[in-house]
Structure formats: structure tokens, C-alpha cells
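my_file.cif (mmCIF, C-alpha atoms)
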data_coords
#
loop_
_atom_site.group_PDB
_atom_site.id
_atom_site.type_symbol
_atom_site.label_atom_id
_atom_site.label_comp_id
_atom_site.auth_asym_id
_atom_site.auth_seq_id
_atom_site.Cartn_x
_atom_site.Cartn_y
_atom_site.Cartn_z
ATOM 1 C CA MET A 1 -50.392 33.572 46.812
ATOM 2 C CA GLY A 2 -47.205 35.621 46.917
ATOM 3 C CA VAL A 3 -45.061 32.498 46.826
ATOM 4 C CA MET A 4 -47.046 31.115 43.885
ATOM 5 C CA ASN A 5 -46.666 34.350 41.971
ATOM 6 C CA ILE A 6 -42.912 34.300 42.561
ATOM 7 C CA ASN A 7 -42.711 30.674 41.428
ATOM 8 C CA ASN A 8 -44.740 31.445 38.321
ATOM 9 C CA LYS A 9 -42.471 34.377 37.484
ATOM 10 C CA ILE A 10 -39.374 32.203 37.924
ATOM 11 C CA LYS A 11 -40.856 29.492 35.722
ATOM 12 C CA GLY A 12 -41.824 32.091 33.149
ATOM 13 C CA ARG A 13 -38.320 33.530 33.084
ATOM 14 C CA ILE A 14 -36.799 30.047 32.809
ATOM 15 C CA LEU A 15 -39.094 29.272 29.866
ATOM 16 C CA ILE A 16 -38.124 32.563 28.206
ATOM 17 C CA ILE A 17 -34.403 31.843 28.706
ATOM 18 C CA ILE A 18 -34.789 28.293 27.350
ATOM 19 C CA SER A 19 -36.753 29.613 24.371
ATOM 20 C CA ILE A 20 -34.070 32.247 23.636
ATOM 21 C CA ILE A 21 -31.336 29.586 23.873
ATOM 22 C CA MET A 22 -33.220 27.252 21.528
ATOM 23 C CA ILE A 23 -33.932 30.038 19.041
ATOM 24 C CA ASN A 24 -30.283 31.101 19.073
ATOM 25 C CA PHE A 25 -29.215 27.484 18.642
ATOM 26 C CA VAL A 26 -31.532 27.023 15.644
ATOM 27 C CA ILE A 27 -30.251 30.282 14.126
ATOM 28 C CA PHE A 28 -26.648 29.143 14.689
ATOM 29 C CA ILE A 29 -27.302 25.774 13.014
ATOM 30 C CA TYR A 30 -29.005 27.499 10.079
ATOM 31 C CA ILE A 31 -26.170 30.006 9.611
ATOM 32 C CA PHE A 32 -23.552 27.268 10.029
ATOM 33 C CA ASP A 33 -25.292 25.080 7.446
ATOM 34 C CA LYS A 34 -25.750 27.893 4.917
ATOM 35 C CA ILE A 35 -22.426 29.680 5.320
ATOM 36 C CA SER A 36 -19.823 27.399 6.895
ATOM 37 C CA MET A 37 -20.876 23.950 5.660
ATOM 38 C CA PRO A 38 -20.262 24.651 1.937
ATOM 39 C CA THR A 39 -16.759 25.880 2.795
ATOM 40 C CA ILE A 40 -16.074 22.845 4.987
ATOM 41 C CA MET A 41 -17.366 20.552 2.225
ATOM 42 C CA ALA A 42 -15.174 22.262 -0.385
ATOM 43 C CA VAL A 43 -12.106 21.839 1.833
ATOM 44 C CA ALA A 44 -13.034 18.200 2.530
ATOM 45 C CA ASP A 45 -13.412 17.528 -1.212
ATOM 46 C CA SER A 46 -10.064 19.157 -1.914
ATOM 47 C CA GLU A 47 -8.233 17.264 0.829
ATOM 48 C CA MET A 48 -9.691 13.884 -0.112
ATOM 49 C CA ARG A 49 -9.141 14.451 -3.843
ATOM 50 C CA ALA A 50 -5.476 15.160 -3.121
ATOM 51 C CA LYS A 51 -5.191 12.050 -0.921
ATOM 52 C CA ALA A 52 -6.967 9.849 -3.484
ATOM 53 C CA THR A 53 -4.777 11.190 -6.301
ATOM 54 C CA GLU A 54 -1.665 10.474 -4.239
ATOM 55 C CA ILE A 55 -2.831 6.905 -3.555
ATOM 56 C CA VAL A 56 -3.628 6.172 -7.206
ATOM 57 C CA ASN A 57 -0.359 7.693 -8.439
ATOM 58 C CA LYS A 58 1.623 5.589 -5.981
ATOM 59 C CA ALA A 59 -0.199 2.436 -7.092
ATOM 60 C CA ILE A 60 0.588 3.236 -10.745
ATOM 61 C CA ILE A 61 4.271 3.915 -10.051
ATOM 62 C CA ASP A 62 4.686 0.797 -7.885
ATOM 63 C CA GLU A 63 3.002 -1.632 -10.274
ATOM 64 C CA TYR A 64 4.382 -0.334 -13.571
ATOM 65 C CA SER A 65 7.936 0.099 -12.295
ATOM 66 C CA ASN A 66 7.893 -3.552 -11.178
ATOM 67 C CA GLN A 67 5.952 -5.169 -14.025
ATOM 68 C CA PHE A 68 6.060 -3.030 -17.173
ATOM 69 C CA ASN A 69 8.904 -3.477 -19.650
ATOM 70 C CA TYR A 70 8.301 -1.772 -22.999
ATOM 71 C CA ASP A 71 10.432 -4.181 -25.056
ATOM 72 C CA GLU A 72 8.604 -7.179 -23.601
ATOM 73 C CA ILE A 73 5.091 -5.782 -23.975
ATOM 74 C CA ILE A 74 5.300 -3.869 -27.280
ATOM 75 C CA LYS A 75 6.640 -5.998 -30.127
ATOM 76 C CA ALA A 76 7.752 -4.559 -33.476
ATOM 77 C CA ASP A 77 7.478 -6.718 -36.606
ATOM 78 C CA LYS A 78 9.979 -5.758 -39.300
ATOM 79 C CA ASP A 79 10.390 -6.623 -42.945
ATOM 80 C CA SER A 80 13.481 -8.087 -44.576
ATOM 81 C CA VAL A 81 15.255 -4.711 -44.749
ATOM 82 C CA GLY A 82 14.513 -3.707 -41.158
ATOM 83 C CA ASN A 83 11.548 -1.407 -41.688
ATOM 84 C CA ILE A 84 8.805 -1.627 -39.069
ATOM 85 C CA VAL A 85 5.581 -2.961 -40.529
ATOM 86 C CA MET A 86 3.523 -3.539 -37.373
ATOM 87 C CA LEU A 87 3.490 -2.862 -33.634
ATOM 88 C CA LYS A 88 1.718 -5.363 -31.402
ATOM 89 C CA ALA A 89 0.901 -5.061 -27.702
ATOM 90 C CA ASP A 90 0.730 -7.878 -25.173
ATOM 91 C CA THR A 91 -2.772 -6.946 -24.064
ATOM 92 C CA LEU A 92 -2.984 -9.837 -21.595
ATOM 93 C CA LYS A 93 0.020 -8.523 -19.663
ATOM 94 C CA MET A 94 -1.205 -4.919 -19.881
ATOM 95 C CA ASN A 95 -4.628 -5.922 -18.577
ATOM 96 C CA LYS A 96 -3.043 -7.838 -15.710
ATOM 97 C CA ILE A 97 -1.010 -4.795 -14.607
ATOM 98 C CA ALA A 98 -4.067 -2.538 -14.963
ATOM 99 C CA CYS A 99 -6.052 -4.916 -12.744
ATOM 100 C CA ASP A 100 -3.264 -4.893 -10.131
ATOM 101 C CA VAL A 101 -3.300 -1.085 -10.136
ATOM 102 C CA ALA A 102 -7.074 -1.037 -9.646
ATOM 103 C CA LEU A 103 -6.902 -3.584 -6.809
ATOM 104 C CA LYS A 104 -4.117 -1.756 -4.990
ATOM 105 C CA SER A 105 -5.831 1.619 -5.431
ATOM 106 C CA GLN A 106 -9.113 0.255 -4.095
ATOM 107 C CA LYS A 107 -7.428 -1.370 -1.100
ATOM 108 C CA GLU A 108 -5.541 1.791 -0.113
ATOM 109 C CA LEU A 109 -8.563 4.052 -0.673
ATOM 110 C CA MET A 110 -10.708 1.868 1.572
ATOM 111 C CA LYS A 111 -7.962 1.811 4.205
ATOM 112 C CA LEU A 112 -7.789 5.622 4.210
ATOM 113 C CA GLY A 113 -11.583 5.824 4.248
ATOM 114 C CA ASP A 114 -11.792 3.730 7.421
ATOM 115 C CA VAL A 115 -9.262 5.918 9.247
ATOM 116 C CA GLY A 116 -10.183 9.297 7.750
ATOM 117 C CA ILE A 117 -8.277 12.522 8.239
ATOM 118 C CA LYS A 118 -8.800 15.335 10.742
ATOM 119 C CA VAL A 119 -8.871 18.975 9.661
ATOM 120 C CA PRO A 120 -8.903 21.778 12.282
ATOM 121 C CA ILE A 121 -11.815 24.188 11.939
ATOM 122 C CA GLY A 122 -9.256 26.997 11.720
ATOM 123 C CA TYR A 123 -7.986 25.478 8.470
ATOM 124 C CA ILE A 124 -11.325 26.320 6.878
ATOM 125 C CA THR A 125 -10.454 30.018 7.130
ATOM 126 C CA ARG A 126 -7.359 29.494 4.974
ATOM 127 C CA ASN A 127 -5.581 31.820 7.386
ATOM 128 C CA ASN A 128 -1.960 30.869 8.107
ATOM 129 C CA ILE A 129 -2.239 31.988 11.737
ATOM 130 C CA LEU A 130 -5.533 30.199 12.483
ATOM 131 C CA SER A 131 -4.965 27.068 10.374
ATOM 132 C CA TYR A 132 -4.025 24.768 13.241
ATOM 133 C CA TYR A 133 -6.519 26.016 15.849
ATOM 134 C CA GLY A 134 -10.006 24.983 16.825
ATOM 135 C CA PRO A 135 -11.736 21.604 17.099
ATOM 136 C CA SER A 136 -11.103 19.119 14.289
ATOM 137 C CA VAL A 137 -13.594 17.907 11.694
ATOM 138 C CA THR A 138 -13.144 14.248 10.768
ATOM 139 C CA ILE A 139 -13.308 13.621 7.026
ATOM 140 C CA LYS A 140 -13.923 10.082 5.817
ATOM 141 C CA MET A 141 -14.087 8.588 2.358
ATOM 142 C CA GLN A 142 -15.869 5.669 0.753
ATOM 143 C CA PRO A 143 -14.953 4.358 -2.720
ATOM 144 C CA ILE A 144 -18.094 3.832 -4.817
ATOM 145 C CA GLY A 145 -18.771 2.679 -8.360
ATOM 146 C CA GLN A 146 -15.833 1.311 -10.365
ATOM 147 C CA VAL A 147 -12.081 1.727 -10.478
ATOM 148 C CA GLU A 148 -11.553 1.991 -14.245
ATOM 149 C CA THR A 149 -8.121 1.712 -15.863
ATOM 150 C CA LYS A 150 -7.591 2.505 -19.564
ATOM 151 C CA TYR A 151 -4.603 2.873 -21.871
ATOM 152 C CA SER A 152 -3.856 5.321 -24.643
ATOM 153 C CA SER A 153 -0.799 5.980 -26.789
ATOM 154 C CA GLU A 154 0.557 8.611 -29.129
ATOM 155 C CA PHE A 155 3.263 8.762 -31.761
ATOM 156 C CA GLU A 156 5.270 11.724 -32.968
ATOM 157 C CA SER A 157 8.230 12.234 -35.243
ATOM 158 C CA ALA A 158 11.558 12.391 -33.435
ATOM 159 C CA GLY A 159 13.840 12.843 -36.458
ATOM 160 C CA ILE A 160 14.705 11.010 -39.656
ATOM 161 C CA ASN A 161 13.416 7.432 -39.429
ATOM 162 C CA GLN A 162 12.741 7.903 -35.718
ATOM 163 C CA THR A 163 9.376 7.867 -33.977
ATOM 164 C CA ARG A 164 8.686 8.707 -30.337
ATOM 165 C CA HIS A 165 6.074 6.458 -28.774
ATOM 166 C CA LYS A 166 4.342 7.354 -25.497
ATOM 167 C CA ILE A 167 1.941 5.162 -23.553
ATOM 168 C CA TYR A 168 -0.398 6.566 -20.887
ATOM 169 C CA VAL A 169 -2.572 4.897 -18.293
ATOM 170 C CA LYS A 170 -5.709 6.630 -17.085
ATOM 171 C CA VAL A 171 -7.315 5.632 -13.788
ATOM 172 C CA LYS A 172 -10.775 6.901 -12.924
ATOM 173 C CA THR A 173 -12.805 6.270 -9.801
ATOM 174 C CA THR A 174 -15.496 7.903 -7.694
ATOM 175 C CA VAL A 175 -15.254 8.420 -3.945
ATOM 176 C CA ARG A 176 -17.806 9.640 -1.440
ATOM 177 C CA VAL A 177 -16.459 12.317 0.899
ATOM 178 C CA ILE A 178 -18.183 12.157 4.273
ATOM 179 C CA ILE A 179 -18.258 14.792 7.011
ATOM 180 C CA PRO A 180 -20.723 15.084 9.908
ATOM 181 C CA LEU A 181 -24.246 15.785 8.560
ATOM 182 C CA LYS A 182 -23.163 15.866 4.902
ATOM 183 C CA SER A 183 -21.558 13.861 2.093
ATOM 184 C CA ASN A 184 -20.532 14.481 -1.503
ATOM 185 C CA ASP A 185 -19.415 12.301 -4.417
ATOM 186 C CA ILE A 186 -16.342 13.348 -6.395
ATOM 187 C CA GLU A 187 -14.692 11.808 -9.443
ATOM 188 C CA VAL A 188 -10.940 11.326 -9.290
ATOM 189 C CA THR A 189 -9.093 10.957 -12.601
ATOM 190 C CA ASN A 190 -5.362 10.416 -13.025
ATOM 191 C CA GLU A 191 -3.529 10.127 -16.346
ATOM 192 C CA VAL A 192 0.139 9.181 -16.042
ATOM 193 C CA PRO A 193 2.735 8.426 -18.748
ATOM 194 C CA ILE A 194 4.132 4.933 -18.157
ATOM 195 C CA ALA A 195 6.460 4.569 -21.138
ATOM 196 C CA GLU A 196 8.310 6.721 -23.657
ATOM 197 C CA THR A 197 10.683 5.263 -26.210
ATOM 198 C CA ILE A 198 12.273 6.079 -29.552
ATOM 199 C CA ILE A 199 11.524 3.604 -32.322
ATOM 200 C CA VAL A 200 14.395 3.563 -34.789
ATOM 201 C CA GLY A 201 13.651 2.628 -38.370
ATOM 202 C CA LYS A 202 11.373 3.640 -41.181
ATOM 203 C CA THR A 203 7.859 3.434 -39.789
ATOM 204 C CA PRO A 204 4.840 3.804 -42.094
ATOM 205 C CA ASN A 205 1.699 5.451 -40.724
ATOM 206 C CA THR A 206 -0.209 2.178 -40.889
ATOM 207 C CA ALA A 207 2.259 0.604 -38.464
ATOM 208 C CA VAL A 208 1.859 3.153 -35.709
ATOM 209 C CA GLN A 209 -1.891 2.888 -35.317
ATOM 210 C CA LEU A 210 -1.502 0.811 -32.162
ATOM 211 C CA ASP A 211 -5.039 0.059 -31.024
ATOM 212 C CA LEU A 212 -5.305 -0.035 -27.228
ATOM 213 C CA ASN A 213 -9.074 0.420 -27.140
ATOM 214 C CA GLY A 214 -10.599 -2.045 -24.736
ATOM 215 C CA THR A 215 -7.274 -2.644 -23.009
ATOM 216 C CA GLY A 216 -7.449 -2.003 -19.300
ATOM 217 C CA SER A 217 -9.521 -3.027 -16.302
ATOM 218 C CA LYS A 218 -12.820 -2.285 -14.567
ATOM 219 C CA LEU A 219 -13.052 -3.225 -10.914
ATOM 220 C CA GLU A 220 -16.323 -2.879 -9.030
ATOM 221 C CA ASN A 221 -15.836 -1.307 -5.622
ATOM 222 C CA SER A 222 -17.022 -3.501 -2.767
ATOM 223 C CA LYS A 223 -19.093 -1.679 -0.134
#

Please lay out the structure from this file as C-alpha cells.
Amino acid sequence: MGVMNINNKIKGRILIIISIIMINFVIFIYIFDKISMPTIMAVADSEMRAKATEIVNKAIIDEYSNQFNYDEIIKADKDSVGNIVMLKADTLKMNKIACDVALKSQKELMKLGDVGIKVPIGYITRNNILSYYGPSVTIKMQPIGQVETKYSSEFESAGINQTRHKIYVKVKTTVRVIIPLKSNDIEVTNEVPIAETIIVGKTPNTAVQLDLNGTGSKLENSK
């Protein structure tokens, strides 16, 4: 009887210890989810947004520096005395470059998403001393939706009979940021000037209404 009582007491204490451990573990998970997880997710969003922006910007710079020539793509029709009467864009060429940008951006985003990046837990504290300490959280990314590329342009006076023309390309995509136990979708938008030139000659307002609506590319992300 004495031995049985001792065994029962030991089992009871073991059950109490296990229960305390489990309760503490549940409390830890709850606190971690409510307090730490939003901070980790915010840091993950910030890091991946920066990486995605860098990738898209590089794709824009690479493709437009190699393929875009203002004088070849934007043509100015002039009258007999040299005044500009119309500006025309080679939309086929512009769409081709926009498609190349979308393809390259998608490829590089998917490549980064497969590898992911590692952020030390200490980085979450934003403390310079602790930033590089602690176990790492792996952040991954998955492009979703479309990579959309659109053009816009603006004109402004640059002096007598001179008009400054700027062309911008805007790339928009959505990526899914993935960390253990959680994910979040963020929209990444980049607008970059790709051309700026001075048009010399008398230019009426009707000539500078260069319509680029519908020019660009939409590429569906493959999953």
C-alpha cells in the first residue's frame, strides 16, 4: 500500500508538472501570436517590399536602357515651317519592352521567393545591439495576380518654343509574404521616369496630348 501511494503521488506530481508546462506553452504561443507575430509580419512585409521594389527597378533599368530610344519610339510630325503638329508613339515597341519588364520581374521575384531571406529574431526589436542575434525567421514570397505595366507622360514649358516631355513607366504587382504560421498579401508599385527630352519648336497644345492609355502589359503570374 505504501509503495502504491508513493507511485500515485509521483504520477500525480508528473501530471501536474506536465499540465503546468502545457499551460505555460499555450500562454507563450498566445502571447507570441498576439504581441510578437504582428511585429514579425510588419518587418517581413517591409523587407520583402524593399526586395521586390529593388527587383522591379532593376528590371526597368536593364530593359529600358537596352531597348528604349526616345527618337526612335516618339516621332514628331512637323509642318512646312518646322512647327510640330503631332507626336506619335510606337506603341508596339513600347508594349514589347513593357512585356519584357514584366517577364523579367516575375522571373526574379519567383527566384527570390523560392530561396527566401532569413531575418534574425533580434532584428525584430529594431535594436542595433540585438539586431544580429537570436534564431532566424525565414521569409518567403510568392507572386500572385498580375504584373501590370503602364505608361504615362507629361509636358511642361521649358522656355520659348521649347517643351519638356517626360515619360514614366508604372509597374504594379502583388506578392504574398510568407512566414511560419502566417502570410500576408502586399501590393508593390513602382513608377520610374524612363525618358526626358526637350522638344524644340513651336508646339500647339493639341500636339502634346500624347495618348498612352492602353499602352503597356499585363502578365498573369504563374503559380

Subject >> Nearby residues, (-17.9, 17.1, -3.1) file frame, 10 Å, all atoms listed in the file, as a VMD selection string >> reply: chain A and resid 38 41 to 46 48 to 49 175 to 178 182 to 187

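Atom CA of Lys107 of chain A is found 14.5 Å from atom CA of Lys218 of chain A.
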
Subject >> Distance of atom CA of Ile139 of chain A from atom CA of Thr174 of chain A, expressed in Å to one decimal place >> reply: 15.9 Å

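Note that the spacing between atom CA of Glu154 of chain A and atom CA of Glu196 of chain A amounts to 9.7 Å.
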
Determine the residue set returned by the PyMOL selection byres ((chain A and resi 170) around 6) for the present structure, and present it as a PDB file with C-alpha atoms, in the coordinates of the input.
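For reference, part19.pdb as written:
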ATOM      1  CA  THR A 149      -8.121   1.712 -15.863  1.00  0.00           C
ATOM      2  CA  LYS A 150      -7.591   2.505 -19.564  1.00  0.00           C
ATOM      3  CA  VAL A 169      -2.572   4.897 -18.293  1.00  0.00           C
ATOM      4  CA  VAL A 171      -7.315   5.632 -13.788  1.00  0.00           C
ATOM      5  CA  ASN A 190      -5.362  10.416 -13.025  1.00  0.00           C
ATOM      6  CA  GLU A 191      -3.529  10.127 -16.346  1.00  0.00           C
TER       7      GLU A 191
END

Which residues are close to Leu103 of chain A, i.e. within 12 Å by only C-alpha atoms, leaving aside same-chain residues fewer than 3 positions away? Reply as a JSON list (two decimals) with C-alpha atoms, in the coordinates of the input.
[["chain", "number", "residue", "atom", "x", "y", "z"],
["A", 55, "ILE", "CA", -2.83, 6.90, -3.56],
["A", 56, "VAL", "CA", -3.63, 6.17, -7.21],
["A", 59, "ALA", "CA", -0.20, 2.44, -7.09],
["A", 60, "ILE", "CA", 0.59, 3.24, -10.74],
["A", 63, "GLU", "CA", 3.00, -1.63, -10.27],
["A", 96, "LYS", "CA", -3.04, -7.84, -15.71],
["A", 97, "ILE", "CA", -1.01, -4.80, -14.61],
["A", 98, "ALA", "CA", -4.07, -2.54, -14.96],
["A", 99, "CYS", "CA", -6.05, -4.92, -12.74],
["A", 100, "ASP", "CA", -3.26, -4.89, -10.13],
["A", 106, "GLN", "CA", -9.11, 0.26, -4.10],
["A", 107, "LYS", "CA", -7.43, -1.37, -1.10],
["A", 108, "GLU", "CA", -5.54, 1.79, -0.11],
["A", 109, "LEU", "CA", -8.56, 4.05, -0.67],
["A", 110, "MET", "CA", -10.71, 1.87, 1.57],
["A", 146, "GLN", "CA", -15.83, 1.31, -10.36],
["A", 147, "VAL", "CA", -12.08, 1.73, -10.48],
["A", 148, "GLU", "CA", -11.55, 1.99, -14.24],
["A", 149, "THR", "CA", -8.12, 1.71, -15.86],
["A", 171, "VAL", "CA", -7.32, 5.63, -13.79],
["A", 173, "THR", "CA", -12.80, 6.27, -9.80],
["A", 217, "SER", "CA", -9.52, -3.03, -16.30],
["A", 218, "LYS", "CA", -12.82, -2.28, -14.57],
["A", 219, "LEU", "CA", -13.05, -3.22, -10.91],
["A", 220, "GLU", "CA", -16.32, -2.88, -9.03],
["A", 221, "ASN", "CA", -15.84, -1.31, -5.62],
["A", 222, "SER", "CA", -17.02, -3.50, -2.77]]

**OP:** Apply the PyMOL selection byres ((chain A and resi 88) around 9) to the structure shown and report the selected residues as a VMD selection string.
**Re:** chain A and resid 73 to 77 86 to 87 89 to 91 210 to 211

Original post:
Which is closest to Pro193 of chain A among A:Ser65, A:Ser157, A:Thr138, A:Asn95, if we use all atoms listed in the file?
Top reply: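 Ranked by minimum distance to Pro193 of chain A, first place goes to A:Ser65.
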
Subject >> Explicit residue set for the PyMOL selection byres ((chain A and resi 137) around 6), as a PyMOL selection string >> reply: chain A and resi 118-119+136+138

Original post:
Out of A:Val188, A:Ile167, A:Met94, A:Ala195, which residue has the shortest atom-to-atom distance to Ala50 of chain A when counting all atoms listed in the file?
Top reply: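 Ranked by minimum distance to Ala50 of chain A, first place goes to A:Val188.
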
Subject >> Residues near Val115 of chain A, cut-off 9 Å, all atoms listed in the file, skip fewer than 2 positions along chain, as JSON, numbers by chain >> reply: {"A": [110, 111, 112, 113, 117, 139, 140, 141]}

**OP:** Name the closest residue to Gly159 of chain A among the candidates A:Val192, A:Ile16, A:Ile179, A:Ile198; distances are taken between atoms, counting all atoms listed in the file.
**Re:** A:Ile198

Output as a short mmCIF file (atom, residue, chain, number, x, y, z; two decimals), in the coordinates of the input: segment 153-182 of chain A, completed with N, CA and C atoms.
data_model
loop_
_atom_site.label_atom_id
_atom_site.label_comp_id
_atom_site.auth_asym_id
_atom_site.auth_seq_id
_atom_site.Cartn_x
_atom_site.Cartn_y
_atom_site.Cartn_z
N SER A 153 -2.17 5.78 -26.33
CA SER A 153 -0.80 5.98 -26.79
C SER A 153 -0.77 7.04 -27.87
N GLU A 154 0.39 7.62 -28.06
CA GLU A 154 0.56 8.61 -29.13
C GLU A 154 1.94 8.46 -29.74
N PHE A 155 2.01 8.83 -31.02
CA PHE A 155 3.26 8.76 -31.76
C PHE A 155 3.57 10.14 -32.32
N GLU A 156 4.85 10.47 -32.35
CA GLU A 156 5.27 11.72 -32.97
C GLU A 156 6.67 11.56 -33.55
N SER A 157 6.93 12.31 -34.59
CA SER A 157 8.23 12.23 -35.24
C SER A 157 9.32 12.74 -34.30
N ALA A 158 10.43 12.00 -34.28
CA ALA A 158 11.56 12.39 -33.44
C ALA A 158 12.83 12.55 -34.26
N GLY A 159 12.68 12.71 -35.57
CA GLY A 159 13.84 12.84 -36.46
C GLY A 159 13.69 11.93 -37.65
N ILE A 160 14.73 11.84 -38.45
CA ILE A 160 14.70 11.01 -39.66
C ILE A 160 14.65 9.54 -39.24
N ASN A 161 13.61 8.86 -39.73
CA ASN A 161 13.42 7.43 -39.43
C ASN A 161 13.38 7.14 -37.92
N GLN A 162 12.89 8.10 -37.16
CA GLN A 162 12.74 7.90 -35.72
C GLN A 162 11.35 8.36 -35.27
N THR A 163 10.72 7.56 -34.46
CA THR A 163 9.38 7.87 -33.98
C THR A 163 9.35 7.73 -32.46
N ARG A 164 8.84 8.76 -31.80
CA ARG A 164 8.69 8.71 -30.34
C ARG A 164 7.31 8.13 -30.01
N HIS A 165 7.32 7.11 -29.17
CA HIS A 165 6.07 6.46 -28.77
C HIS A 165 5.86 6.64 -27.27
N LYS A 166 4.69 7.16 -26.90
CA LYS A 166 4.34 7.35 -25.50
C LYS A 166 3.09 6.54 -25.18
N ILE A 167 3.11 5.90 -24.03
CA ILE A 167 1.94 5.16 -23.55
C ILE A 167 1.49 5.77 -22.23
N TYR A 168 0.18 5.99 -22.10
CA TYR A 168 -0.40 6.57 -20.89
C TYR A 168 -1.38 5.58 -20.27
N VAL A 169 -1.51 5.63 -18.96
CA VAL A 169 -2.57 4.90 -18.29
C VAL A 169 -3.45 5.92 -17.58
N LYS A 170 -4.74 5.73 -17.71
CA LYS A 170 -5.71 6.63 -17.08
C LYS A 170 -6.54 5.83 -16.09
N VAL A 171 -6.54 6.29 -14.84
CA VAL A 171 -7.32 5.63 -13.79
C VAL A 171 -8.41 6.59 -13.33
N LYS A 172 -9.63 6.08 -13.32
CA LYS A 172 -10.78 6.90 -12.92
C LYS A 172 -11.59 6.15 -11.88
N THR A 173 -11.96 6.86 -10.83
CA THR A 173 -12.80 6.27 -9.80
C THR A 173 -13.65 7.37 -9.16
N THR A 174 -14.64 6.96 -8.41
CA THR A 174 -15.50 7.90 -7.69
C THR A 174 -15.44 7.58 -6.21
N VAL A 175 -15.28 8.62 -5.40
CA VAL A 175 -15.25 8.42 -3.94
C VAL A 175 -16.29 9.32 -3.31
N ARG A 176 -16.83 8.85 -2.20
CA ARG A 176 -17.81 9.64 -1.44
C ARG A 176 -17.10 10.27 -0.24
N VAL A 177 -17.08 11.58 -0.20
CA VAL A 177 -16.46 12.32 0.90
C VAL A 177 -17.52 12.54 1.98
N ILE A 178 -17.19 12.13 3.20
CA ILE A 178 -18.18 12.16 4.27
C ILE A 178 -17.68 13.01 5.43
N ILE A 179 -18.50 14.01 5.80
CA ILE A 179 -18.26 14.79 7.01
C ILE A 179 -19.55 14.74 7.83
N PRO A 180 -19.48 15.11 9.11
CA PRO A 180 -20.72 15.08 9.91
C PRO A 180 -21.86 15.86 9.23
N LEU A 181 -23.00 15.21 9.09
CA LEU A 181 -24.25 15.78 8.56
C LEU A 181 -24.25 15.96 7.05
N LYS A 182 -23.17 15.61 6.35
CA LYS A 182 -23.16 15.87 4.90
C LYS A 182 -22.20 14.91 4.19
#
